[in-house]
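**Student:** Mind looking over this structure? Questions follow.
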Amino acid sequence: MNKTPRHVAIIMDGNGRWAQKRMLPRHIGHIKGAANLREVVKACFTRGIECLTVFAFSTENWRRPPDEVALLFDLFAQYLNKEVEKLSQQGGRLRIIGDRSAFPLELQQEMQRVEAATAHNQKLQLTVAINYGGKWDILQAAKNWQIAHPYQNVEQITVAELDPYLSTAGLPDPDLLIRTGGESRLSNFMIWQCAYTELYFSSEYWPDFNAKSLDDAIDGYAKRVRRFGKTDEQVMKISARSSQH
Ligand code: IPE
Ligand code: IPE
Ligand code: MG
């Protein structure tokens, strides 16, 4: 059985501490972190991972000093400008999730442009979550569901019906969520979509997290038993049956 996760999600944490440990300003850590994303995307391509979703800026990160917020958005704009063509040449599709209304119109247009320009690519779907929060996502999905169904009572809504209104519509739920930087929390990242995701916490700071670290996370994932509420015995029967075919 192929144990490579189809969808890997990453909370890229620890840039600031990576820099501080080296007596460098925090922004150097963010620059290193952005460069590291390039390396990890490359590793995902070679490992046959279909979807990679990364957390770049949370709805709570607005609480940071304004110059740090501005630098993070600059790095994001640079990524769109410089990296997307390379991503596309390798067969990567870029999608951005989060509340875009906070961004300057020009940047919103650029986001649309790169999404459209890479929409045909199928090898790897890279989703960047920026100004994203899991609570925001659920709330906007509920509001948009109601707009689309003005005559339906909200009591009739089901989980399957809400799914297409989440910002991740069309993506499978993450199989593996990695958080670097040593913290063991979700910090409001894809809280709906990660209901049954395997969690992996790494003590490495994001700029240090490399292809070998990714392999360790995938090896750990491959050893997990995903029960989805069933018993071990039931799960074993299903996997024995699928290995006969
Ligand atoms: C992750 O690194 C990047 C963002 C949250 C934007 P941090 O900036 O949170 O780094 P630490 O956690 O302070 O080390
Ligand atoms: C989570 O990291 C958000 C991103 C990596 C973008 P934070 O550093 O903001 O998380 P907390 O505040 O420590 O929970
Ligand atoms: Mg942090």
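Going by the structure tokens order, chains are called A, B, ..., each with residues numbered from 1, while ligands are numbered from 1 in the order shown.
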Using only C-alpha atoms and all ligand atoms, determine which residues fall within 8 Å of ligand 3, then list them as a list in words.
**Tutor:** Asp13, Gly14, Asn15, Gly16, Arg17 and Gly181 of chain A
**Student:** Find the residues near Leu107 in chain A: any atom within 10 Å, counting only C-alpha atoms, skip ones fewer than 3 places away on the same chain, and give them as a ChimeraX atom specification.
**Tutor:** /A:73,76-77,80,100,103-104,110-113
**Student:** Save the residues we just selected, C-alpha atoms, as a CSV table (one decimal), in the first residue's frame?
**Tutor:**
```csv
chain,number,residue,atom,x,y,z
A,73,PHE,CA,3.5,40.7,2.8
A,76,PHE,CA,4.6,37.0,-0.3
A,77,ALA,CA,4.4,39.5,-3.2
A,80,LEU,CA,4.3,35.5,-6.5
A,100,ARG,CA,-8.1,38.8,0.5
A,103,PHE,CA,-4.8,43.4,0.6
A,104,PRO,CA,-4.1,46.2,-1.8
A,110,GLU,CA,-1.7,39.5,-8.9
A,111,MET,CA,-3.1,36.7,-6.8
A,112,GLN,CA,-5.8,36.1,-9.4
A,113,ARG,CA,-3.3,36.3,-12.2
```
**Student:** Select the residues contacting ligand 2 at a distance of at most 7 Å, based on only C-alpha atoms and all ligand atoms, then format the selection as a list in words.
**Tutor:**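 After applying the 7 Å limit, what remains is Ile11, Met12, Asp13, Gly14, Phe55, Ala56, Phe57, Ser58, Glu60, Asn61, Arg185 and Ser187 of chain A.
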**Student:** Save out the residues we just selected, all heavy atoms, as a compact mmCIF listing (two decimals), in the first residue's frame.
**Tutor:**
```txt
# COMPACT_ATOMS: atom_id res chain seq x y z
N ILE A 11 2.51 24.11 9.11
CA ILE A 11 2.53 25.38 9.84
C ILE A 11 4.01 25.74 9.95
O ILE A 11 4.76 25.12 10.71
CB ILE A 11 1.87 25.24 11.24
CG1 ILE A 11 0.40 24.80 11.09
CG2 ILE A 11 1.98 26.57 12.01
CD1 ILE A 11 -0.32 24.53 12.41
N MET A 12 4.41 26.71 9.14
CA MET A 12 5.84 27.05 9.03
C MET A 12 6.22 27.99 10.17
O MET A 12 6.23 29.20 10.01
CB MET A 12 6.10 27.73 7.68
CG MET A 12 5.58 26.94 6.48
SD MET A 12 5.94 27.73 4.89
CE MET A 12 4.89 29.17 4.91
N ASP A 13 6.55 27.42 11.32
CA ASP A 13 6.77 28.25 12.51
C ASP A 13 8.24 28.21 12.95
O ASP A 13 8.93 27.21 12.74
CB ASP A 13 5.86 27.76 13.64
CG ASP A 13 5.77 28.76 14.77
OD1 ASP A 13 6.06 29.96 14.55
OD2 ASP A 13 5.42 28.36 15.90
N GLY A 14 8.67 29.30 13.57
CA GLY A 14 10.02 29.33 14.16
C GLY A 14 11.01 30.21 13.43
O GLY A 14 12.20 30.20 13.77
N PHE A 55 0.95 27.47 5.85
CA PHE A 55 0.39 28.59 6.60
C PHE A 55 1.44 29.70 6.61
O PHE A 55 2.52 29.55 7.20
CB PHE A 55 0.09 28.12 8.03
CG PHE A 55 -0.94 28.91 8.77
CD1 PHE A 55 -1.74 29.86 8.14
CD2 PHE A 55 -1.16 28.67 10.13
CE1 PHE A 55 -2.71 30.56 8.85
CE2 PHE A 55 -2.12 29.37 10.83
CZ PHE A 55 -2.90 30.32 10.19
N ALA A 56 1.13 30.80 5.93
CA ALA A 56 2.11 31.88 5.81
C ALA A 56 1.80 33.07 6.72
O ALA A 56 2.70 33.80 7.14
CB ALA A 56 2.18 32.36 4.36
N PHE A 57 0.51 33.30 6.98
CA PHE A 57 0.12 34.45 7.82
C PHE A 57 -1.28 34.19 8.35
O PHE A 57 -2.20 33.92 7.58
CB PHE A 57 0.14 35.74 6.98
CG PHE A 57 0.00 37.00 7.79
CD1 PHE A 57 1.12 37.63 8.32
CD2 PHE A 57 -1.25 37.56 8.04
CE1 PHE A 57 0.99 38.80 9.08
CE2 PHE A 57 -1.38 38.72 8.79
CZ PHE A 57 -0.26 39.34 9.31
N SER A 58 -1.41 34.28 9.67
CA SER A 58 -2.72 33.98 10.27
C SER A 58 -3.51 35.26 10.51
O SER A 58 -2.94 36.36 10.56
CB SER A 58 -2.54 33.22 11.59
OG SER A 58 -2.11 34.11 12.60
N GLU A 60 -4.47 36.17 13.16
CA GLU A 60 -3.98 36.69 14.44
C GLU A 60 -2.62 37.39 14.29
O GLU A 60 -2.19 38.13 15.17
CB GLU A 60 -3.85 35.56 15.48
CG GLU A 60 -5.19 35.02 15.98
CD GLU A 60 -5.94 34.21 14.93
OE1 GLU A 60 -5.29 33.54 14.10
OE2 GLU A 60 -7.19 34.27 14.92
N ASN A 61 -1.92 37.12 13.18
CA ASN A 61 -0.59 37.71 13.00
C ASN A 61 -0.62 39.23 12.78
O ASN A 61 0.42 39.89 12.85
CB ASN A 61 0.19 37.03 11.86
CG ASN A 61 0.66 35.63 12.21
OD1 ASN A 61 0.68 34.74 11.36
ND2 ASN A 61 1.06 35.40 13.45
N ARG A 185 0.40 23.09 18.79
CA ARG A 185 -0.95 23.64 18.67
C ARG A 185 -1.26 23.95 17.21
O ARG A 185 -0.35 24.04 16.38
CB ARG A 185 -1.12 24.89 19.55
CG ARG A 185 -0.11 25.97 19.28
CD ARG A 185 -0.35 27.21 20.16
NE ARG A 185 0.72 28.18 20.02
CZ ARG A 185 1.64 28.43 20.95
NH1 ARG A 185 1.62 27.80 22.10
NH2 ARG A 185 2.59 29.33 20.73
N SER A 187 -3.04 26.75 16.23
CA SER A 187 -3.07 28.21 16.00
C SER A 187 -4.08 28.60 14.91
O SER A 187 -3.76 29.42 14.03
CB SER A 187 -1.67 28.72 15.64
OG SER A 187 -0.76 28.44 16.69
```
**Student:** Hey, which of A:Asn131, A:Thr168, A:Thr231, A:Ser203 ends up closest to Ser101 in chain A? Count only C-alpha atoms.
**Tutor:**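 Of A:Asn131, A:Thr168, A:Thr231, A:Ser203, the one nearest Ser101 in chain A is A:Asn131, counting only C-alpha atoms.
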**Student:** Which neighbours of Gly29 in chain A fall inside 12 Å, counting only C-alpha atoms, when residues of the same chain fewer than 4 positions from it are skipped, and could you give them as a list in words?
**Tutor:**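 Residues near the query, excluding close chain neighbours: Met12, Asp13, Gly14, Asn15, Gly16, Arg17, Trp18, Ala19, Gln20, Lys21, Arg22, Met23, Leu24, Pro25, Gly33, Ala34, Ala35, Asn36, Glu68, Leu71, Leu72, Leu75, Tyr205, Trp206, Pro207 and Asp208 of chain A.
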**Student:** Where in range 1-243 of chain A does DSSP assign alpha helix (DSSP H), given as a PyMOL selection string?
**Tutor:** chain A and resi 15-21+26-46+66-89+105-118+134-148+159-162+211-222+232-243
**Student:** Range 2-243 of chain A: which residues are strand (DSSP E or B) by DSSP, as number ranges by chain?
**Tutor:** A: 7-11, 51-58, 92-97, 124-132, 176-179, 198-201
